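Pasted below: query_26.cif, mmCIF, C-alpha atoms.
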```
data_run
loop_
_atom_site.group_PDB
_atom_site.id
_atom_site.type_symbol
_atom_site.label_atom_id
_atom_site.label_comp_id
_atom_site.auth_asym_id
_atom_site.auth_seq_id
_atom_site.Cartn_x
_atom_site.Cartn_y
_atom_site.Cartn_z
ATOM 1 C CA MET A 1 31.321 6.834 -30.713
ATOM 2 C CA ARG A 2 30.416 8.979 -27.742
ATOM 3 C CA VAL A 3 28.076 6.313 -26.400
ATOM 4 C CA ARG A 4 30.809 3.692 -26.710
ATOM 5 C CA LEU A 5 33.254 5.970 -24.912
ATOM 6 C CA LEU A 6 30.647 6.636 -22.207
ATOM 7 C CA PHE A 7 30.170 2.934 -21.531
ATOM 8 C CA ALA A 8 33.916 2.265 -21.722
ATOM 9 C CA GLU A 9 34.635 4.933 -19.093
ATOM 10 C CA ALA A 10 31.804 3.685 -16.870
ATOM 11 C CA PHE A 11 33.024 0.073 -16.981
ATOM 12 C CA ARG A 12 36.613 1.193 -16.442
ATOM 13 C CA SER A 13 35.521 3.086 -13.351
ATOM 14 C CA ILE A 14 33.598 0.083 -12.065
ATOM 15 C CA ALA A 15 36.592 -2.229 -12.647
ATOM 16 C CA ALA A 16 38.999 0.224 -10.999
ATOM 17 C CA ASN A 17 36.779 0.727 -7.934
ATOM 18 C CA VAL A 18 35.393 -2.725 -7.272
ATOM 19 C CA SER A 19 35.034 -2.219 -3.514
ATOM 20 C CA THR A 20 33.024 1.002 -3.776
ATOM 21 C CA THR A 21 30.956 -0.461 -6.620
ATOM 22 C CA VAL A 22 30.112 -3.505 -4.502
ATOM 23 C CA ALA A 23 29.283 -1.214 -1.565
ATOM 24 C CA SER A 24 26.970 0.855 -3.769
ATOM 25 C CA THR A 25 25.295 -2.235 -5.167
ATOM 26 C CA LEU A 26 24.787 -3.707 -1.705
ATOM 27 C CA SER A 27 23.367 -0.383 -0.501
ATOM 28 C CA VAL A 28 20.817 -0.413 -3.296
ATOM 29 C CA LEU A 29 20.108 -4.123 -2.756
ATOM 30 C CA ILE A 30 19.417 -3.677 0.957
ATOM 31 C CA GLY A 31 17.372 -0.526 0.437
ATOM 32 C CA MET A 32 15.321 -1.938 -2.438
ATOM 33 C CA PHE A 33 14.804 -5.251 -0.649
ATOM 34 C CA LEU A 34 13.407 -3.449 2.393
ATOM 35 C CA VAL A 35 11.296 -1.176 0.200
ATOM 36 C CA GLY A 36 9.981 -4.247 -1.642
ATOM 37 C CA VAL A 37 9.145 -5.997 1.626
ATOM 38 C CA PHE A 38 7.284 -2.966 2.908
ATOM 39 C CA ILE A 39 5.492 -2.451 -0.413
ATOM 40 C CA GLY A 40 4.250 -6.049 -0.252
ATOM 41 C CA LEU A 41 3.432 -5.976 3.451
ATOM 42 C CA GLY A 42 2.072 -2.430 3.363
ATOM 43 C CA THR A 43 -0.224 -2.958 0.368
ATOM 44 C CA TRP A 44 -1.471 -6.217 1.903
ATOM 45 C CA LEU A 45 -2.284 -4.426 5.153
ATOM 46 C CA VAL A 46 -3.950 -1.553 3.292
ATOM 47 C CA SER A 47 -5.999 -4.101 1.327
ATOM 48 C CA TRP A 48 -6.921 -5.818 4.595
ATOM 49 C CA SER A 49 -7.999 -2.550 6.186
ATOM 50 C CA ASP A 50 -10.058 -1.630 3.108
ATOM 51 C CA ASP A 51 -11.705 -5.056 3.224
ATOM 52 C CA LYS A 52 -12.561 -4.550 6.900
ATOM 53 C CA LYS A 53 -14.029 -1.140 6.106
ATOM 54 C CA ARG A 54 -16.229 -2.776 3.467
ATOM 55 C CA GLU A 55 -17.625 -5.015 6.210
ATOM 56 C CA LEU A 56 -18.911 -1.997 8.125
ATOM 57 C CA ALA A 57 -22.676 -1.688 7.838
ATOM 58 C CA VAL A 58 -25.653 0.080 9.354
ATOM 59 C CA HIS A 59 -28.479 -2.080 10.710
ATOM 60 C CA VAL A 60 -31.890 -0.426 10.719
ATOM 61 C CA TYR A 61 -34.229 -2.503 12.911
ATOM 62 C CA LEU A 62 -37.970 -2.199 12.261
ATOM 63 C CA LYS A 63 -40.926 -2.322 14.588
ATOM 64 C CA ASP A 64 -43.049 -5.489 14.470
ATOM 65 C CA GLU A 65 -46.194 -3.426 13.970
ATOM 66 C CA ALA A 66 -44.762 -1.446 11.040
ATOM 67 C CA THR A 67 -46.947 -1.510 7.939
ATOM 68 C CA PRO A 68 -45.636 -2.344 4.443
ATOM 69 C CA LYS A 69 -46.124 1.311 3.500
ATOM 70 C CA GLN A 70 -44.026 2.489 6.436
ATOM 71 C CA ILE A 71 -41.302 -0.081 5.669
ATOM 72 C CA ASN A 72 -41.249 1.082 2.034
ATOM 73 C CA ALA A 73 -40.818 4.661 3.260
ATOM 74 C CA VAL A 74 -37.675 3.567 5.099
ATOM 75 C CA ARG A 75 -36.336 1.971 1.920
ATOM 76 C CA ILE A 76 -37.005 5.143 -0.078
ATOM 77 C CA ALA A 77 -35.228 7.241 2.553
ATOM 78 C CA LEU A 78 -32.222 4.932 2.424
ATOM 79 C CA GLU A 79 -32.081 4.857 -1.370
ATOM 80 C CA SER A 80 -32.028 8.662 -1.477
ATOM 81 C CA ASP A 81 -28.814 8.837 0.564
ATOM 82 C CA PRO A 82 -25.808 9.123 -1.837
ATOM 83 C CA ARG A 83 -23.458 7.831 0.878
ATOM 84 C CA ILE A 84 -25.080 4.394 0.664
ATOM 85 C CA LYS A 85 -23.599 2.008 -1.883
ATOM 86 C CA GLU A 86 -25.729 1.247 -4.919
ATOM 87 C CA GLY A 87 -27.331 -2.117 -4.334
ATOM 88 C CA GLY A 88 -26.093 -1.984 -0.737
ATOM 89 C CA ILE A 89 -29.554 -2.070 0.862
ATOM 90 C CA GLU A 90 -30.830 -5.502 1.869
ATOM 91 C CA PHE A 91 -34.156 -6.179 3.582
ATOM 92 C CA VAL A 92 -33.904 -8.961 6.167
ATOM 93 C CA SER A 93 -37.288 -10.328 7.175
ATOM 94 C CA LYS A 94 -38.028 -11.758 10.607
ATOM 95 C CA GLU A 95 -37.928 -15.277 9.164
ATOM 96 C CA LYS A 96 -34.571 -14.711 7.455
ATOM 97 C CA ALA A 97 -33.126 -13.130 10.583
ATOM 98 C CA LEU A 98 -34.146 -16.225 12.593
ATOM 99 C CA ALA A 99 -32.635 -18.550 9.966
ATOM 100 C CA ILE A 100 -29.343 -16.640 10.134
ATOM 101 C CA MET A 101 -29.363 -16.784 13.917
ATOM 102 C CA ARG A 102 -30.008 -20.547 13.867
ATOM 103 C CA LYS A 103 -26.885 -21.035 11.738
ATOM 104 C CA LYS A 104 -24.752 -18.819 13.969
ATOM 105 C CA ALA A 105 -26.017 -19.945 17.362
ATOM 106 C CA PRO A 106 -28.247 -23.016 17.140
ATOM 107 C CA GLU A 107 -28.082 -23.571 20.894
ATOM 108 C CA LEU A 108 -29.812 -20.213 21.509
ATOM 109 C CA THR A 109 -32.655 -20.806 19.074
ATOM 110 C CA ALA A 110 -33.405 -24.478 19.684
ATOM 111 C CA ASN A 111 -36.340 -24.017 22.095
ATOM 112 C CA LEU A 112 -37.857 -20.718 20.919
ATOM 113 C CA ALA A 113 -41.636 -20.623 21.103
ATOM 114 C CA SER A 114 -41.836 -17.643 18.731
ATOM 115 C CA ASN A 115 -39.600 -15.449 16.619
ATOM 116 C CA PRO A 116 -38.270 -12.559 18.773
ATOM 117 C CA LEU A 117 -36.036 -11.108 16.063
ATOM 118 C CA PRO A 118 -37.113 -7.940 14.219
ATOM 119 C CA ALA A 119 -37.024 -7.322 10.510
ATOM 120 C CA SER A 120 -34.287 -4.961 9.394
ATOM 121 C CA PHE A 121 -32.451 -3.221 6.581
ATOM 122 C CA ASP A 122 -28.723 -3.963 6.299
ATOM 123 C CA VAL A 123 -27.076 -0.911 4.742
ATOM 124 C CA VAL A 124 -23.560 -0.877 3.234
ATOM 125 C CA PRO A 125 -21.963 2.574 2.845
ATOM 126 C CA VAL A 126 -19.809 3.630 -0.091
ATOM 127 C CA ARG A 127 -17.083 4.597 2.377
ATOM 128 C CA GLY A 128 -16.624 2.940 5.748
ATOM 129 C CA GLU A 129 -15.934 6.384 7.203
ATOM 130 C CA ASP A 130 -19.584 7.392 6.529
ATOM 131 C CA THR A 131 -21.128 4.637 8.641
ATOM 132 C CA GLU A 132 -21.803 6.769 11.711
ATOM 133 C CA GLU A 133 -23.127 9.720 9.690
ATOM 134 C CA ILE A 134 -25.585 7.467 7.849
ATOM 135 C CA ALA A 135 -26.835 6.007 11.137
ATOM 136 C CA LEU A 136 -27.313 9.463 12.664
ATOM 137 C CA ALA A 137 -29.112 10.700 9.541
ATOM 138 C CA ILE A 138 -31.581 7.795 9.694
ATOM 139 C CA GLN A 139 -32.229 8.378 13.390
ATOM 140 C CA ALA A 140 -32.799 12.095 12.777
ATOM 141 C CA GLN A 141 -35.647 11.388 10.334
ATOM 142 C CA ASN A 142 -37.773 9.730 13.065
ATOM 143 C CA LEU A 143 -39.414 7.341 10.617
ATOM 144 C CA PRO A 144 -42.446 5.550 12.165
ATOM 145 C CA ALA A 145 -41.260 2.066 11.172
ATOM 146 C CA VAL A 146 -37.756 2.429 12.641
ATOM 147 C CA ASP A 147 -37.241 0.929 16.090
ATOM 148 C CA GLN A 148 -33.475 1.426 16.472
ATOM 149 C CA VAL A 149 -30.354 1.953 14.382
ATOM 150 C CA ARG A 150 -27.050 0.259 15.121
ATOM 151 C CA HIS A 151 -23.728 0.558 13.376
ATOM 152 C CA GLY A 152 -21.237 -0.935 15.828
ATOM 153 C CA LYS A 153 -19.872 2.465 16.846
ATOM 154 C CA GLU A 154 -16.881 1.231 18.843
ATOM 155 C CA VAL A 155 -15.968 -1.479 16.333
ATOM 156 C CA SER A 156 -16.270 0.989 13.450
ATOM 157 C CA LYS A 157 -14.026 3.520 15.138
ATOM 158 C CA ARG A 158 -11.452 0.855 15.975
ATOM 159 C CA ILE A 159 -11.338 -0.488 12.411
ATOM 160 C CA LEU A 160 -11.098 2.989 10.898
ATOM 161 C CA ALA A 161 -8.362 3.994 13.349
ATOM 162 C CA ILE A 162 -6.358 0.855 12.509
ATOM 163 C CA ALA A 163 -6.812 1.486 8.783
ATOM 164 C CA ARG A 164 -5.590 5.080 9.055
ATOM 165 C CA ALA A 165 -2.614 4.034 11.194
ATOM 166 C CA ILE A 166 -1.609 1.346 8.680
ATOM 167 C CA GLN A 167 -1.722 3.792 5.768
ATOM 168 C CA VAL A 168 0.287 6.466 7.601
ATOM 169 C CA VAL A 169 2.939 4.026 8.856
ATOM 170 C CA PHE A 170 3.271 2.457 5.400
ATOM 171 C CA LEU A 171 3.797 5.868 3.776
ATOM 172 C CA ILE A 172 6.345 6.988 6.389
ATOM 173 C CA VAL A 173 8.361 3.746 6.215
ATOM 174 C CA VAL A 174 8.562 3.798 2.406
ATOM 175 C CA VAL A 175 9.656 7.467 2.368
ATOM 176 C CA VAL A 176 12.314 6.828 5.027
ATOM 177 C CA LEU A 177 13.655 3.768 3.201
ATOM 178 C CA LEU A 178 13.840 5.638 -0.110
ATOM 179 C CA ALA A 179 15.670 8.523 1.535
ATOM 180 C CA ALA A 180 18.075 6.135 3.282
ATOM 181 C CA SER A 181 18.786 4.270 0.027
ATOM 182 C CA THR A 182 19.511 7.520 -1.812
ATOM 183 C CA ILE A 183 21.865 8.678 0.944
ATOM 184 C CA LEU A 184 23.675 5.328 1.029
ATOM 185 C CA ILE A 185 24.322 5.204 -2.689
ATOM 186 C CA SER A 186 25.279 8.904 -2.741
ATOM 187 C CA ASN A 187 27.889 8.309 -0.042
ATOM 188 C CA THR A 188 29.375 5.250 -1.680
ATOM 189 C CA ILE A 189 29.523 6.889 -5.118
ATOM 190 C CA ARG A 190 31.029 9.957 -3.462
ATOM 191 C CA LEU A 191 33.940 7.758 -2.399
ATOM 192 C CA SER A 192 34.440 6.613 -5.977
ATOM 193 C CA ILE A 193 34.353 10.166 -7.288
ATOM 194 C CA PHE A 194 36.632 11.440 -4.528
ATOM 195 C CA ALA A 195 39.210 8.779 -5.423
ATOM 196 C CA ARG A 196 39.242 10.163 -8.976
ATOM 197 C CA ARG A 197 38.997 13.856 -8.157
ATOM 198 C CA ARG A 198 42.389 14.667 -9.685
ATOM 199 C CA GLU A 199 41.408 12.924 -12.905
ATOM 200 C CA ILE A 200 38.213 14.972 -13.018
ATOM 201 C CA GLU A 201 40.111 18.205 -12.410
ATOM 202 C CA VAL A 202 42.524 17.418 -15.252
ATOM 203 C CA MET A 203 39.650 16.611 -17.614
ATOM 204 C CA LYS A 204 38.005 19.918 -16.755
ATOM 205 C CA LEU A 205 41.254 21.849 -17.245
ATOM 206 C CA VAL A 206 41.757 20.437 -20.765
ATOM 207 C CA GLY A 207 38.257 21.548 -21.775
ATOM 208 C CA ALA A 208 35.948 18.606 -21.035
ATOM 209 C CA THR A 209 32.314 19.664 -20.621
ATOM 210 C CA ASN A 210 30.379 19.011 -17.458
ATOM 211 C CA TRP A 211 28.220 16.412 -19.152
ATOM 212 C CA PHE A 212 31.253 14.625 -20.610
ATOM 213 C CA VAL A 213 32.650 14.283 -17.094
ATOM 214 C CA ARG A 214 29.323 13.553 -15.444
ATOM 215 C CA GLY A 215 28.118 10.993 -18.018
ATOM 216 C CA PRO A 216 30.280 7.993 -17.020
ATOM 217 C CA PHE A 217 29.544 8.514 -13.323
ATOM 218 C CA MET A 218 25.800 8.768 -13.927
ATOM 219 C CA LEU A 219 25.955 5.652 -16.096
ATOM 220 C CA GLU A 220 27.945 3.949 -13.341
ATOM 221 C CA GLY A 221 25.232 4.951 -10.887
ATOM 222 C CA LEU A 222 22.532 3.652 -13.243
ATOM 223 C CA LEU A 223 24.306 0.307 -13.651
ATOM 224 C CA THR A 224 24.885 0.053 -9.912
ATOM 225 C CA GLY A 225 21.259 0.889 -9.165
ATOM 226 C CA LEU A 226 20.069 -1.589 -11.787
ATOM 227 C CA ALA A 227 22.268 -4.399 -10.439
ATOM 228 C CA GLY A 228 21.223 -3.771 -6.837
ATOM 229 C CA SER A 229 17.522 -3.520 -7.628
ATOM 230 C CA LEU A 230 17.568 -6.672 -9.805
ATOM 231 C CA ALA A 231 19.310 -8.562 -7.007
ATOM 232 C CA ALA A 232 16.663 -7.302 -4.575
ATOM 233 C CA VAL A 233 13.890 -8.418 -6.957
ATOM 234 C CA PHE A 234 15.493 -11.878 -7.166
ATOM 235 C CA LEU A 235 15.647 -12.199 -3.365
ATOM 236 C CA LEU A 236 12.055 -11.008 -3.059
ATOM 237 C CA PHE A 237 11.005 -13.557 -5.682
ATOM 238 C CA LEU A 238 12.641 -16.327 -3.645
ATOM 239 C CA GLY A 239 10.942 -15.075 -0.491
ATOM 240 C CA ARG A 240 7.617 -14.831 -2.306
ATOM 241 C CA SER A 241 7.939 -18.369 -3.647
ATOM 242 C CA ILE A 242 9.181 -20.022 -0.450
ATOM 243 C CA ALA A 243 8.242 -18.055 2.660
ATOM 244 C CA ILE A 244 5.075 -16.133 1.790
ATOM 245 C CA PRO A 245 2.838 -19.166 1.045
ATOM 246 C CA ARG A 246 3.725 -20.668 4.418
ATOM 247 C CA VAL A 247 2.920 -17.431 6.230
ATOM 248 C CA LEU A 248 -0.235 -16.379 4.400
ATOM 249 C CA GLY A 249 -1.451 -19.968 4.279
ATOM 250 C CA ASN A 250 -2.095 -19.703 8.011
ATOM 251 C CA ILE A 251 -3.598 -16.203 8.177
ATOM 252 C CA GLN A 252 -5.239 -15.387 4.838
ATOM 253 C CA ASP A 253 -8.719 -16.699 4.179
ATOM 254 C CA ASP A 254 -10.142 -13.817 2.147
ATOM 255 C CA PRO A 255 -9.379 -13.737 -1.603
ATOM 256 C CA ASP A 256 -10.183 -10.000 -1.679
ATOM 257 C CA VAL A 257 -7.171 -9.250 0.532
ATOM 258 C CA ARG A 258 -3.984 -9.224 -1.502
ATOM 259 C CA ALA A 259 -0.742 -7.311 -1.885
ATOM 260 C CA LEU A 260 0.320 -5.375 -4.963
ATOM 261 C CA ALA A 261 1.079 -7.718 -7.871
ATOM 262 C CA PHE A 262 4.727 -8.839 -7.800
ATOM 263 C CA GLY A 263 5.312 -7.670 -11.371
ATOM 264 C CA TYR A 264 4.360 -4.109 -10.444
ATOM 265 C CA THR A 265 6.517 -4.265 -7.317
ATOM 266 C CA ALA A 266 9.513 -5.485 -9.346
ATOM 267 C CA ALA A 267 9.046 -2.723 -11.931
ATOM 268 C CA ILE A 268 8.775 -0.100 -9.182
ATOM 269 C CA LEU A 269 11.967 -1.333 -7.502
ATOM 270 C CA VAL A 270 13.953 -1.336 -10.765
ATOM 271 C CA LEU A 271 12.791 2.183 -11.627
ATOM 272 C CA ILE A 272 13.582 3.428 -8.119
ATOM 273 C CA GLY A 273 17.013 1.739 -8.232
ATOM 274 C CA LEU A 274 17.812 3.410 -11.547
ATOM 275 C CA ALA A 275 16.554 6.767 -10.288
ATOM 276 C CA ILE A 276 18.522 6.826 -7.041
ATOM 277 C CA GLY A 277 21.618 5.528 -8.820
ATOM 278 C CA ALA A 278 21.565 8.338 -11.373
ATOM 279 C CA LEU A 279 20.425 10.943 -8.841
ATOM 280 C CA GLY A 280 22.997 9.945 -6.246
ATOM 281 C CA SER A 281 25.902 10.083 -8.693
ATOM 282 C CA GLY A 282 24.621 13.176 -10.505
ATOM 283 C CA LEU A 283 24.198 15.240 -7.356
ATOM 284 C CA THR A 284 27.447 14.017 -5.811
ATOM 285 C CA ILE A 285 29.650 14.919 -8.778
ATOM 286 C CA ARG A 286 28.381 18.508 -8.972
ATOM 287 C CA ARG A 287 30.838 19.741 -6.330
ATOM 288 C CA PHE A 288 33.780 18.251 -8.278
ATOM 289 C CA LEU A 289 32.815 20.050 -11.477
ATOM 290 C CA ARG A 290 33.614 23.433 -10.003
ATOM 291 C CA VAL A 291 37.239 23.733 -11.053
#
```

Would you mind writing the file out in structure tokens?
Amino acid sequence: MRVRLLFAEAFRSIAANVSTTVASTLSVLIGMFLVGVFIGLGTWLVSWSDDKKRELAVHVYLKDEATPKQINAVRIALESDPRIKEGGIEFVSKEKALAIMRKKAPELTANLASNPLPASFDVVPVRGEDTEEIALAIQAQNLPAVDQVRHGKEVSKRILAIARAIQVVFLIVVVVLLAASTILISNTIRLSIFARRREIEVMKLVGATNWFVRGPFMLEGLLTGLAGSLAAVFLLFLGRSIAIPRVLGNIQDDPDVRALAFGYTAAILVLIGLAIGALGSGLTIRRFLRV
């Protein structure tokens, strides 16, 4: 009986305040749509930056006169470093290095009388941030077989800086959009509650409990948040089906780079819409319960 009364009061309030209800729903729709866009774009960019960090590697070039024993000592030293990814050490012989170069730049290797390229170890770190430290650690050991160590210092720093910037901007934008959505729905629901302030005061004076008064408004906020977030999910689905393939079809060529699955994004948006709807109405009505 109480549940039926709760829903009846909530729907009566929605029907009596269509303009504010529509405003609340549109506020949630706009906020959740923008949050959904930034979740998709932000997670794709984070995935891209993580993929670029995985491409960072340390190249340990060996001397031509190095003996097999000395080369094996370099391998052992590399394998003992916990910052290097398991299975992330690859020995590239002089012959393999020349074959790779011939594929990349055949015009430079067409008339070579001998093989000028050194053998090397290509080392992949567990974390891209450890690339420089691994290179410095190898250099510090002064191994007899090691000629030079390169890790693309400037490129590494640039990629890591871009990755950090993407993560920070993504976090800030999502927080700002969530805060803005909560404020928007709080303001619009405040208008609905303010229009019925006398009714609330009368209910309180005849003995209605705080939760009896608050319940319909919180349910109204939940329904408004649900409607707005579902509408945002629908618009995002259309955009995902129509616009995204045309955009990513021109720029994405790596299957490892992808945004958060749409199902998870939709669930997140619905939960956030419900939360800010209930929170916005619940916090707003508190001032009107002090009679």

- Item | Resolved residues for the PyMOL selection byres ((chain A and resi 91) around 12) as a list of chain:residue names | A:His59, A:Val60, A:Tyr61, A:Leu62, A:Ile71, A:Asn72, A:Val74, A:Arg75, A:Leu78, A:Gly87, A:Gly88, A:Ile89, A:Glu90, A:Val92, A:Ser93, A:Lys94, A:Glu95, A:Lys96, A:Ala97, A:Pro118, A:Ala119, A:Ser120, A:Phe121, A:Asp122, A:Val123, A:Val124

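The closest residue to Phe170 (chain A), picked from A:Thr109, A:Thr21, A:Ser80, A:Thr43 and counting all atoms listed in the file, is A:Thr43.
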
Kindly list the centre and edge lengths in Å, rounded to one decimal, for the axis-aligned box that covers all listed atoms of region 230-240 of chain A plus 6 Å on each of its six sides, as AutoDock Vina command-line options.
```
--center_x 13.5 --center_y -11.5 --center_z -5.1 --size_x 23.7 --size_y 21.7 --size_z 21.3
```

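Among A:Ile183, A:Val58, A:Ile172, A:Leu226, the residue with the shortest atom-to-atom distance to Ile134 (chain A), counting only C-alpha atoms, is A:Val58.
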
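Compared by their closest atoms to Ala145 (chain A), and using all atoms listed in the file, the residues A:Thr131, A:Thr67, A:Ser281, A:Ser114 rank with A:Thr67 nearest.
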
- Query: Separation of CA of Ala105 (chain A) and CA of Asp64 (chain A), in Å?
  - Reply: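 Going from CA of Ala105 (chain A) over to CA of Asp64 (chain A) covers 22.5 Å.
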
- Message: For a test of reading the model, state the distance in Å between CA of Val149 (chain A) and CA of Ala135 (chain A), rounded to one decimal.
- Response: 6.3 Å
